[in-house]
>>> print(open('coords12.csv').read())   # CSV, C-alpha atoms and all ligand atoms
chain,number,residue,atom,x,y,z
A,10,MET,CA,135.1,46.8,159.2
A,11,GLU,CA,135.3,46.7,155.4
A,12,SER,CA,134.6,43.4,153.8
A,13,GLN,CA,137.3,41.6,151.9
A,14,ILE,CA,136.0,39.6,148.9
A,15,LEU,CA,138.4,37.4,147.0
A,16,HIS,CA,137.7,36.3,143.4
A,17,LEU,CA,139.7,33.4,142.0
A,18,ASP,CA,139.7,32.3,138.4
A,19,LEU,CA,141.6,29.4,136.8
A,20,ASP,CA,143.4,30.7,133.7
A,21,THR,CA,142.2,29.2,130.4
A,22,PHE,CA,141.0,26.3,132.5
A,23,PHE,CA,140.3,23.6,129.9
A,24,VAL,CA,143.6,24.4,128.1
A,25,SER,CA,145.5,24.2,131.4
A,26,CYS,CA,144.0,20.8,132.2
A,27,GLU,CA,145.1,19.5,128.8
A,28,ARG,CA,148.6,20.9,129.3
A,29,LEU,CA,148.8,19.1,132.7
A,30,LEU,CA,148.0,15.8,130.9
A,31,ASP,CA,150.4,16.5,128.0
A,32,SER,CA,153.3,19.0,128.6
A,33,ARG,CA,154.1,19.1,124.9
A,34,LEU,CA,151.1,21.5,124.6
A,35,MET,CA,152.8,24.2,126.7
A,36,HIS,CA,153.3,27.5,124.9
A,37,ARG,CA,151.6,26.4,121.8
A,38,PRO,CA,148.3,27.7,120.3
A,39,ILE,CA,145.6,25.3,121.6
A,40,LEU,CA,141.9,25.1,120.7
A,41,VAL,CA,139.6,23.0,122.8
A,42,GLY,CA,136.1,22.2,121.6
A,43,GLY,CA,134.1,20.3,119.0
A,44,THR,CA,136.6,19.0,116.5
A,45,GLY,CA,134.2,18.6,113.6
A,46,ASP,CA,133.6,21.4,111.1
A,47,ARG,CA,130.4,22.2,112.9
A,48,GLY,CA,132.0,22.3,116.3
A,49,VAL,CA,132.4,25.3,118.6
A,50,VAL,CA,135.6,26.6,120.4
A,51,SER,CA,134.9,26.3,124.1
A,52,ALA,CA,138.4,27.4,125.2
A,53,CYS,CA,141.6,28.7,123.6
A,54,SER,CA,145.1,29.4,124.8
A,55,TYR,CA,146.5,32.9,125.1
A,56,GLU,CA,148.7,32.0,122.1
A,57,THR,CA,145.6,32.0,119.8
A,58,ARG,CA,144.2,35.4,120.9
A,59,ARG,CA,146.3,37.5,118.6
A,60,PHE,CA,144.7,35.7,115.7
A,61,GLY,CA,141.3,37.1,116.8
A,62,ILE,CA,140.1,33.8,118.2
A,63,HIS,CA,137.7,33.7,121.1
A,64,SER,CA,135.5,31.1,122.8
A,65,GLY,CA,132.1,30.6,121.3
A,66,MET,CA,133.5,31.0,117.8
A,67,SER,CA,133.0,28.2,115.2
A,68,MET,CA,135.9,25.7,115.1
A,69,LYS,CA,136.0,26.0,111.4
A,70,LEU,CA,136.7,29.7,111.4
A,71,ALA,CA,139.2,29.4,114.3
A,72,ARG,CA,141.1,26.8,112.3
A,73,GLN,CA,141.2,29.1,109.3
A,74,LEU,CA,142.5,31.9,111.4
A,75,CYS,CA,145.2,29.8,113.1
A,76,PRO,CA,146.0,26.7,111.0
A,77,GLU,CA,149.0,25.8,113.3
A,78,ALA,CA,146.8,25.5,116.4
A,79,THR,CA,146.5,22.1,118.0
A,80,VAL,CA,142.8,21.1,118.2
A,81,ILE,CA,141.7,19.0,121.1
A,82,LYS,CA,138.3,17.5,121.7
A,83,GLY,CA,137.4,18.5,125.3
A,84,ASN,CA,136.7,16.0,128.0
A,85,ALA,CA,134.1,17.2,130.6
A,86,GLY,CA,135.0,14.3,132.9
A,87,THR,CA,138.6,15.5,133.2
A,88,TYR,CA,137.7,19.1,133.8
A,89,THR,CA,135.1,18.2,136.4
A,90,LYS,CA,137.7,16.2,138.3
A,91,PHE,CA,140.2,19.1,138.3
A,92,SER,CA,137.5,21.5,139.2
A,93,GLU,CA,136.5,19.4,142.2
A,94,GLN,CA,140.2,19.1,143.3
A,95,VAL,CA,140.4,23.0,143.4
A,96,THR,CA,137.1,23.1,145.2
A,97,GLU,CA,138.3,20.7,147.9
A,98,ILE,CA,141.3,22.9,148.6
A,99,ILE,CA,139.3,26.1,148.8
A,100,LYS,CA,136.7,24.4,151.0
A,101,GLU,CA,139.5,23.4,153.4
A,102,LYS,CA,141.1,26.8,153.5
A,103,VAL,CA,138.3,29.4,153.7
A,104,PRO,CA,135.2,29.4,155.9
A,105,VAL,CA,132.7,30.8,153.3
A,106,PHE,CA,133.0,30.6,149.6
A,107,GLU,CA,130.9,30.5,146.4
A,108,LYS,CA,131.6,28.3,143.4
A,109,ALA,CA,130.5,30.7,140.6
A,110,SER,CA,131.3,28.2,137.9
A,111,VAL,CA,133.6,25.2,137.2
A,112,ASP,CA,136.7,27.5,137.2
A,113,GLU,CA,135.7,30.5,139.3
A,114,PHE,CA,135.2,31.1,143.0
A,115,TYR,CA,134.5,33.9,145.4
A,116,ALA,CA,135.6,33.7,149.1
A,117,ASP,CA,134.8,36.0,152.0
A,118,LEU,CA,138.1,36.8,153.7
A,119,SER,CA,136.6,39.5,155.9
A,120,GLY,CA,137.9,39.5,159.4
A,121,MET,CA,141.1,37.7,158.5
A,122,ASP,CA,142.8,41.0,158.6
A,123,LYS,CA,143.3,40.9,162.3
A,124,PHE,CA,145.4,37.8,162.2
A,125,PHE,CA,147.0,37.3,158.7
A,126,GLY,CA,146.1,40.2,156.4
A,127,SER,CA,143.6,39.1,153.7
A,128,TYR,CA,146.0,39.8,150.9
A,129,LYS,CA,148.8,37.7,152.4
A,130,TYR,CA,146.2,34.9,153.0
A,131,ALA,CA,145.0,35.2,149.4
A,132,CYS,CA,148.6,34.9,148.0
A,133,GLU,CA,149.2,31.9,150.1
A,134,LEU,CA,146.0,30.3,149.0
A,135,ARG,CA,146.8,30.9,145.3
A,136,ASN,CA,150.3,29.5,145.6
A,137,TYR,CA,149.0,26.5,147.4
A,138,ILE,CA,146.4,25.8,144.6
A,139,ILE,CA,149.1,26.1,142.0
A,140,LYS,CA,151.5,23.9,143.9
A,141,GLU,CA,148.9,21.2,144.6
A,142,THR,CA,147.1,21.1,141.3
A,143,GLY,CA,149.6,22.5,138.8
A,144,LEU,CA,146.9,24.7,137.4
A,145,PRO,CA,147.6,28.4,136.9
A,146,ILE,CA,145.1,30.6,138.7
A,147,SER,CA,144.6,34.4,139.1
A,148,PHE,CA,142.9,36.4,141.8
A,149,GLY,CA,141.5,39.9,142.5
A,150,LEU,CA,140.9,41.1,146.1
A,151,SER,CA,138.7,44.1,147.0
A,152,SER,CA,135.7,45.1,149.1
A,153,ASN,CA,133.1,43.6,146.7
A,154,LYS,CA,132.6,40.8,144.2
A,155,VAL,CA,132.3,43.0,141.1
A,156,VAL,CA,135.5,45.0,141.6
A,157,SER,CA,137.4,41.8,142.6
A,158,LYS,CA,136.2,40.0,139.4
A,159,MET,CA,137.3,42.9,137.3
A,160,ALA,CA,140.6,43.0,139.1
A,161,THR,CA,141.2,39.3,138.3
A,162,ASP,CA,140.6,40.1,134.7
A,163,GLU,CA,143.2,42.8,134.7
A,164,ALA,CA,145.7,40.6,136.6
A,165,LYS,CA,145.5,37.6,134.2
A,166,PRO,CA,147.2,35.5,133.1
A,167,ASN,CA,148.6,33.8,136.2
A,168,ASN,CA,148.8,36.8,138.4
A,169,GLN,CA,147.0,38.7,141.2
A,170,MET,CA,145.7,42.2,142.0
A,171,ARG,CA,144.4,44.0,145.0
A,172,VAL,CA,142.2,47.1,145.0
A,173,ASP,CA,142.2,48.8,148.4
A,174,PHE,CA,139.1,50.2,149.9
A,175,GLY,CA,138.5,53.7,148.6
A,176,LEU,CA,140.5,53.1,145.4
A,177,GLU,CA,137.7,51.3,143.5
A,178,LYS,CA,136.7,54.3,141.4
A,179,PRO,CA,140.2,55.2,140.1
A,180,PHE,CA,140.9,51.5,139.4
A,181,LEU,CA,137.7,51.2,137.3
A,182,ALA,CA,137.8,54.6,135.6
A,183,PRO,CA,140.2,53.8,132.7
A,184,LEU,CA,138.6,50.4,131.9
A,185,SER,CA,136.3,49.7,128.9
A,186,ILE,CA,132.6,49.5,129.9
A,187,ARG,CA,132.7,46.1,128.2
A,188,LYS,CA,134.6,44.8,131.2
A,189,ILE,CA,131.8,45.5,133.6
A,190,PRO,CA,130.1,42.1,134.4
A,191,SER,CA,126.6,42.1,132.9
A,192,VAL,CA,127.5,44.4,130.1
A,193,GLY,CA,126.8,42.1,127.2
A,194,LYS,CA,127.1,42.7,123.5
A,195,LYS,CA,123.7,44.5,123.2
A,196,THR,CA,124.2,46.8,126.2
A,197,TYR,CA,127.7,47.6,125.0
A,198,GLU,CA,126.3,48.6,121.6
A,199,THR,CA,123.7,50.8,123.2
A,200,LEU,CA,126.3,52.5,125.4
A,201,ARG,CA,128.7,52.9,122.6
A,202,GLY,CA,125.9,54.5,120.5
A,203,LEU,CA,125.6,57.1,123.3
A,204,GLY,CA,129.4,57.7,123.1
A,205,ILE,CA,130.2,55.9,126.3
A,206,LEU,CA,133.4,53.9,126.1
A,207,LYS,CA,135.1,54.1,129.4
A,208,VAL,CA,133.9,53.4,132.9
A,209,LYS,CA,135.0,56.9,133.8
A,210,THR,CA,132.2,58.4,131.7
A,211,VAL,CA,129.6,56.4,133.5
A,212,GLN,CA,131.1,57.4,136.9
A,213,ASP,CA,130.6,61.1,135.9
A,214,MET,CA,127.0,60.6,134.7
A,215,PRO,CA,124.0,61.2,136.9
A,216,LEU,CA,122.2,57.9,137.7
A,217,GLU,CA,119.0,59.2,136.1
A,218,LEU,CA,120.7,59.3,132.7
A,219,MET,CA,121.7,55.7,132.9
A,220,THR,CA,118.3,54.5,134.0
A,221,SER,CA,116.5,56.5,131.3
A,222,ALA,CA,118.8,54.8,128.7
A,223,LEU,CA,118.8,51.3,130.1
A,224,GLY,CA,116.1,51.0,132.8
A,225,VAL,CA,116.9,48.9,135.9
A,226,HIS,CA,119.9,47.4,134.2
A,227,GLY,CA,121.3,51.0,133.8
A,228,ARG,CA,121.1,51.3,137.6
A,229,THR,CA,123.1,48.2,138.1
A,230,ILE,CA,125.8,49.2,135.6
A,231,TRP,CA,126.0,52.7,137.2
A,232,LYS,CA,126.5,51.2,140.7
A,233,ARG,CA,129.1,48.8,139.4
A,234,ALA,CA,130.9,51.7,137.7
A,235,GLN,CA,131.1,53.5,141.0
A,236,GLY,CA,132.4,50.4,142.7
A,237,ILE,CA,129.5,50.3,145.1
A,238,ASP,CA,127.4,47.3,143.9
A,239,ARG,CA,127.7,44.6,146.5
A,240,PRO,CA,126.0,41.4,145.3
A,241,PRO,CA,126.0,38.8,148.2
A,242,LEU,CA,128.1,35.7,148.2
A,243,VAL,CA,126.0,32.6,147.5
A,244,PRO,CA,127.6,30.0,149.8
A,245,PHE,CA,128.5,26.7,148.2
A,246,HIS,CA,126.5,23.6,149.3
A,247,GLU,CA,127.3,20.3,147.7
A,248,ARG,CA,124.0,19.0,148.6
A,249,LYS,CA,122.1,21.6,146.7
A,250,SER,CA,119.8,19.7,144.4
A,251,ILE,CA,116.6,19.8,142.4
A,252,SER,CA,114.3,16.8,142.0
A,253,THR,CA,110.9,15.7,140.9
A,254,GLU,CA,108.9,12.5,141.5
A,255,ARG,CA,105.6,11.1,140.3
A,256,THR,CA,103.2,8.7,141.9
A,257,PHE,CA,101.2,6.7,139.4
A,258,GLY,CA,97.4,6.7,139.6
A,259,LYS,CA,97.7,2.9,139.3
A,260,ASP,CA,100.8,0.9,140.1
A,261,THR,CA,102.5,-0.2,137.0
A,262,THR,CA,105.0,-2.6,135.5
A,263,ASN,CA,104.8,-1.0,132.1
A,264,ILE,CA,108.4,-0.4,131.2
A,265,THR,CA,107.6,2.0,128.4
A,266,GLN,CA,105.5,4.2,130.7
A,267,LEU,CA,108.3,4.2,133.3
A,268,ARG,CA,111.0,5.2,130.8
A,269,THR,CA,108.7,7.8,129.2
A,270,THR,CA,108.0,9.3,132.6
A,271,LEU,CA,111.7,9.4,133.5
A,272,THR,CA,112.6,11.0,130.2
A,273,ALA,CA,110.0,13.7,130.7
A,274,MET,CA,111.3,14.3,134.2
A,275,VAL,CA,114.9,14.7,133.0
A,276,GLU,CA,113.8,17.0,130.2
A,277,ASN,CA,112.0,19.2,132.6
A,278,LEU,CA,114.7,19.3,135.3
A,279,ALA,CA,117.4,19.9,132.7
A,280,PHE,CA,115.4,22.8,131.3
A,281,HIS,CA,115.3,24.3,134.8
A,282,LEU,CA,119.0,23.8,135.2
A,283,ARG,CA,119.7,25.7,132.0
A,284,THR,CA,117.3,28.4,132.8
A,285,ASN,CA,119.1,29.1,136.0
A,286,ASP,CA,122.6,28.6,134.5
A,287,LYS,CA,123.3,25.5,136.6
A,288,LEU,CA,125.1,22.2,135.9
A,289,THR,CA,124.8,19.0,137.8
A,290,ALA,CA,127.5,16.5,138.6
A,291,CYS,CA,125.4,13.8,140.3
A,292,VAL,CA,122.2,12.2,139.1
A,293,ALA,CA,119.9,9.8,140.9
A,294,VAL,CA,116.8,7.7,140.3
A,295,ARG,CA,114.3,6.6,142.9
A,296,VAL,CA,111.8,3.8,142.6
A,297,ARG,CA,109.1,2.9,145.1
A,298,TYR,CA,107.3,-0.4,144.7
A,299,SER,CA,103.7,-1.1,145.5
A,300,ASP,CA,104.7,-2.6,148.9
A,301,PHE,CA,106.4,0.8,149.7
A,302,GLN,CA,109.9,-0.6,149.5
A,303,THR,CA,111.9,2.3,148.1
A,304,VAL,CA,115.3,1.9,146.3
A,305,SER,CA,117.5,4.5,144.8
A,306,LYS,CA,120.8,4.7,142.9
A,307,GLN,CA,123.0,7.6,142.1
A,308,MET,CA,126.0,8.2,139.8
A,309,LYS,CA,128.7,10.9,139.5
A,310,ILE,CA,128.9,12.4,136.1
A,311,PRO,CA,130.8,15.2,134.4
A,312,TYR,CA,129.1,18.6,134.9
A,313,SER,CA,126.2,18.9,132.4
A,314,SER,CA,122.8,20.4,131.8
A,315,ALA,CA,122.2,18.7,128.4
A,316,ASP,CA,119.3,16.4,127.8
A,317,HIS,CA,121.2,14.2,125.4
A,318,ILE,CA,123.8,13.5,128.2
A,319,LEU,CA,121.4,13.3,131.2
A,320,ILE,CA,118.6,11.2,129.7
A,321,PRO,CA,120.8,8.1,128.9
A,322,LYS,CA,122.4,8.3,132.4
A,323,ILE,CA,119.0,8.3,134.1
A,324,LEU,CA,117.7,5.5,132.0
A,325,GLU,CA,120.9,3.5,132.6
A,326,LEU,CA,120.5,3.9,136.4
A,327,PHE,CA,116.9,2.9,136.1
A,328,GLU,CA,117.9,-0.3,134.2
A,329,LYS,CA,120.2,-1.2,137.0
A,330,LEU,CA,117.7,-0.5,139.7
A,331,TYR,CA,114.4,-1.8,138.4
A,332,GLN,CA,113.5,-5.3,139.2
A,333,ARG,CA,111.0,-6.5,136.7
A,334,ARG,CA,107.6,-8.0,137.6
A,335,MET,CA,107.3,-5.8,140.6
A,336,LEU,CA,104.6,-3.1,140.5
A,337,VAL,CA,105.9,0.4,140.7
A,338,ARG,CA,104.1,3.0,142.7
A,339,LEU,CA,106.4,6.0,142.2
A,340,VAL,CA,109.5,7.1,140.3
A,341,GLY,CA,111.7,10.1,140.9
A,342,VAL,CA,114.8,11.9,139.5
A,343,ARG,CA,117.2,14.1,141.4
A,344,PHE,CA,120.1,16.2,140.2
A,345,SER,CA,122.6,17.3,142.9
A,346,ASP,CA,126.1,18.7,143.2
A,347,LEU,CA,124.9,21.8,141.4
A,348,VAL,CA,127.2,24.5,140.3
A,349,SER,CA,126.6,27.7,138.3
A,350,GLY,CA,127.7,27.5,134.7
A,351,ASN,CA,126.4,27.3,131.3
A,352,TYR,CA,126.8,25.1,128.2
A,353,GLN,CA,130.4,25.8,127.9
A,354,ILE,CA,131.6,22.6,129.7
A,355,HIS,CA,130.2,20.3,127.1
A,356,LEU,CA,130.3,22.5,124.0
A,357,PHE,CA,132.7,19.9,122.5
A,358,ASP,CA,129.9,17.3,122.4
A,359,ASP,CA,127.7,19.7,120.6
A,360,THR,CA,127.4,21.3,117.2
A,361,LEU,CA,126.2,24.8,116.6
A,362,GLU,CA,122.9,23.3,115.5
A,363,ALA,CA,122.5,21.3,118.8
A,364,LEU,CA,123.1,24.5,120.8
A,365,SER,CA,120.7,26.5,118.9
A,366,LEU,CA,118.1,23.7,119.2
A,367,TYR,CA,118.4,23.8,123.0
A,368,ASN,CA,118.1,27.6,122.9
A,369,ALA,CA,115.1,27.5,120.6
A,370,MET,CA,113.4,24.8,122.7
A,371,ASP,CA,114.1,26.7,126.0
A,372,THR,CA,112.8,30.0,124.5
A,373,ILE,CA,109.5,28.3,123.5
A,374,ARG,CA,109.2,26.7,127.0
A,375,LYS,CA,109.8,30.1,128.7
A,376,ARG,CA,107.1,31.6,126.7
A,377,TYR,CA,104.5,28.8,126.5
A,378,GLY,CA,105.2,26.6,129.4
A,379,ASP,CA,107.8,23.9,130.2
A,380,ARG,CA,106.1,21.1,128.3
A,381,ALA,CA,105.3,23.2,125.2
A,382,VAL,CA,108.0,21.4,123.3
A,383,VAL,CA,109.1,17.9,124.2
A,384,TYR,CA,111.0,14.9,122.8
A,385,ALA,CA,108.8,12.4,121.0
A,386,SER,CA,110.2,9.8,123.5
A,387,SER,CA,108.7,11.6,126.4
A,388,MET,CA,105.4,12.7,124.8
A,389,GLY,CA,103.4,9.9,126.6
A,390,ALA,CA,104.2,11.2,130.0
A,391,LYS,CA,101.1,12.5,131.7
A,392,SER,CA,101.9,15.2,134.1
A,393,ILE,CA,105.2,16.9,134.6
A,394,GLY,CA,104.3,20.4,135.4
A,395,ARG,CA,102.0,21.9,132.8
A,396,PHE,CA,101.3,19.7,129.8
A,397,HIS,CA,99.9,20.4,126.4
A,398,ASN,CA,100.0,18.2,123.4
A,399,PRO,CA,102.3,20.2,121.1
A,400,PHE,CA,100.4,19.2,118.0
A,401,ASN,CA,96.8,20.0,118.9
A,402,GLY,CA,96.8,21.6,122.4
A,403,GLU,CA,94.8,18.6,123.8
A,404,PRO,CA,96.0,16.5,126.7
A,405,PRO,CA,97.8,13.4,125.3
A,406,ILE,CA,96.4,10.0,125.3
A,407,VAL,CA,98.1,8.2,128.1
A,408,LEU,CA,100.2,5.3,126.8
A,409,ALA,CA,100.2,3.5,130.1
A,410,HIS,CA,98.3,0.4,129.0
A,411,ARG,CA,99.3,0.2,125.5
A,412,THR,CA,101.1,-2.9,124.6
A,413,GLN,CA,104.2,-2.3,122.5
B,1,MG,MG,138.7,30.9,134.0
>>> encode(input="coords12.csv", output="structure tokens")
Amino acid sequence: MESQILHLDLDTFFVSCERLLDSRLMHRPILVGGTGDRGVVSACSYETRRFGIHSGMSMKLARQLCPEATVIKGNAGTYTKFSEQVTEIIKEKVPVFEKASVDEFYADLSGMDKFFGSYKYACELRNYIIKETGLPISFGLSSNKVVSKMATDEAKPNNQMRVDFGLEKPFLAPLSIRKIPSVGKKTYETLRGLGILKVKTVQDMPLELMTSALGVHGRTIWKRAQGIDRPPLVPFHERKSISTERTFGKDTTNITQLRTTLTAMVENLAFHLRTNDKLTACVAVRVRYSDFQTVSKQMKIPYSSADHILIPKILELFEKLYQRRMLVRLVGVRFSDLVSGNYQIHLFDDTLEALSLYNAMDTIRKRYGDRAVVYASSMGAKSIGRFHNPFNGEPPIVLAHRTQ
């Protein structure tokens, strides 16, 4: 039996959330993002598109292009709440699903044919989400994730599309190669340079030609163009988490050392989140005292992978948890409720400079090791993964017993 993969995507998600909270924003040009001159557009309503506005653009330029737009500073907490509301519904209605980002889901409807018809089921699910949450959502249904995602894109806004098995190639043929997921700006330029504009051209090319032009990536694009690439669904688990902990060589009450270690841990875990395009919605701290009594505390937060948001949360939890005068044997940090996604959700807290700072720091870490660049406030931490003193390459002097 052919598989039936559903792709669901909330339309202009942040904008839709804002419109739910304030109906006066309906049918108006809306920009969500950093409101300062150095801010970035993280979402924009369809009404702004004809002005050439797109997400990722500087807010200053967007305002110049469309002065009548209403500019709203985004709120990651609100969007996280709505995202979780939609997730709850999908969890209840389908056996296996993937949460691909805060506003995007895949569900495996294979086998439902026998009883309902997958398309009918998908329609009912979409209508139910709209009714329950008030958020517009679109879907694509086909035999694989890639074609379904592209079908959703064609269906938008607030609509649906199904591509029957065997009709994938003709559906894809007239589309721009830009629409194939994983064809970024650079690949698009390369393909355009070769005179390739439509998916049809790739479909008619021998695979060898694509691999000689683009290597392994060329193979993926070729398979996607044929409608035969079948990436697996990654089932959603709320408990998916990453964590790290450290046992001190000598039990300590040194608050500076404890805070420094926690900061370094967050910095390291957040780097791994960003590297893997993940966001966390739940942070936790664990403290084990010298008598082995272990306490922990966790906190729900808006989806994030940014150090400047996560570090204060962890330190705040630690303040609540830590009972002074008791010797600490171990501290640990855990991030859970992970979803795929990138910076976009908290772009409005960031300036272009902050974003490029993260990018630059992460690039250095990928190249030279994950402690190659660190915050001054975490420099004293001894061993979180590999460690080099960024200034002289020597191991740092441990601050553990320094009195402040
Ligand atoms: Mg969306």
>>> residues_near_ligand(input="coords12.csv", ligand="ligand MG 1 (chain B)", cutoff="9 Å", atoms="all atoms listed in the file", output="VMD selection string")
chain A and resid 17 to 23 110 to 113 146 to 147
>>> closest_residue(input="coords12.csv", among="A:Thr57, A:Asn168, A:Ser386, A:Thr79", to="Leu271 (chain A)", atoms="all atoms listed in the file")
A:Ser386
>>> closest_residue(input="coords12.csv", among="A:Gly42, A:Pro179, A:Gly149, A:Pro166", to="Ile14 (chain A)", atoms="all atoms listed in the file")
A:Gly149
>>> closest_atom_pairs(input="coords12.csv", of="region 275-319 of chain A", to="region 240-262 of chain A", cutoff="9 Å", atoms="all atoms listed in the file", output="Markdown table")
| residue | atom | partner | partner_atom | distance |
| --- | --- | --- | --- | --- |
| A:Val275 | CA | A:Thr253 | CA | 8.9 |
| A:Leu278 | CA | A:Ser252 | CA | 7.2 |
| A:His281 | CA | A:Ile251 | CA | 8.9 |
| A:Leu282 | CA | A:Ile251 | CA | 8.6 |
| A:Thr289 | CA | A:Ser250 | CA | 8.3 |
| A:Arg295 | CA | A:Glu254 | CA | 8.1 |
| A:Arg297 | CA | A:Thr256 | CA | 8.9 |
| A:Tyr298 | CA | A:Asp260 | CA | 8.1 |
| A:Ser299 | CA | A:Asp260 | CA | 6.4 |
>>> closest_residue(input="coords12.csv", among="A:Glu101, A:Pro145, A:Gln13, A:Leu364", to="Cys26 (chain A)", atoms="all atoms listed in the file")
A:Pro145
>>> closest_residue(input="coords12.csv", among="A:Thr372, A:Thr220, A:Ser32, A:Thr229", to="Val192 (chain A)", atoms="all atoms listed in the file")
A:Thr229
>>> decode(input="coords12.csv", residues="region 103-116 of chain A", atoms="N, CA and C atoms", output="tab-separated table (two decimals), in the first residue's frame")
chain	number	residue	atom	x	y	z
A	103	VAL	N	-3.86	12.07	15.38
A	103	VAL	CA	-3.11	11.16	14.50
A	103	VAL	C	-2.10	10.34	15.31
A	104	PRO	N	-1.91	9.08	14.88
A	104	PRO	CA	-1.03	8.19	15.65
A	104	PRO	C	0.45	8.60	15.61
A	105	VAL	N	0.96	8.96	14.41
A	105	VAL	CA	2.39	9.30	14.31
A	105	VAL	C	2.54	10.65	13.61
A	106	PHE	N	3.23	11.58	14.27
A	106	PHE	CA	3.46	12.85	13.61
A	106	PHE	C	4.83	13.40	13.97
A	107	GLU	N	5.29	14.34	13.14
A	107	GLU	CA	6.56	15.02	13.37
A	107	GLU	C	6.26	16.50	13.52
A	108	LYS	N	6.86	17.14	14.54
A	108	LYS	CA	6.74	18.59	14.64
A	108	LYS	C	8.00	19.17	14.01
A	109	ALA	N	7.87	19.64	12.76
A	109	ALA	CA	9.05	20.06	12.01
A	109	ALA	C	9.53	21.44	12.43
A	110	SER	N	8.63	22.26	12.93
A	110	SER	CA	9.01	23.56	13.49
A	110	SER	C	7.83	24.06	14.32
A	111	VAL	N	7.88	25.29	14.78
A	111	VAL	CA	6.80	25.76	15.65
A	111	VAL	C	5.46	25.81	14.91
A	112	ASP	N	5.48	25.90	13.58
A	112	ASP	CA	4.22	26.06	12.85
A	112	ASP	C	4.05	25.04	11.72
A	113	GLU	N	4.75	23.94	11.83
A	113	GLU	CA	4.79	23.01	10.70
A	113	GLU	C	4.83	21.56	11.19
A	114	PHE	N	3.98	20.71	10.61
A	114	PHE	CA	3.88	19.33	11.08
A	114	PHE	C	3.77	18.36	9.90
A	115	TYR	N	4.29	17.15	10.10
A	115	TYR	CA	4.02	16.05	9.17
A	115	TYR	C	3.26	14.98	9.93
A	116	ALA	N	2.33	14.32	9.25
A	116	ALA	CA	1.63	13.21	9.90
A	116	ALA	C	1.54	12.05	8.92
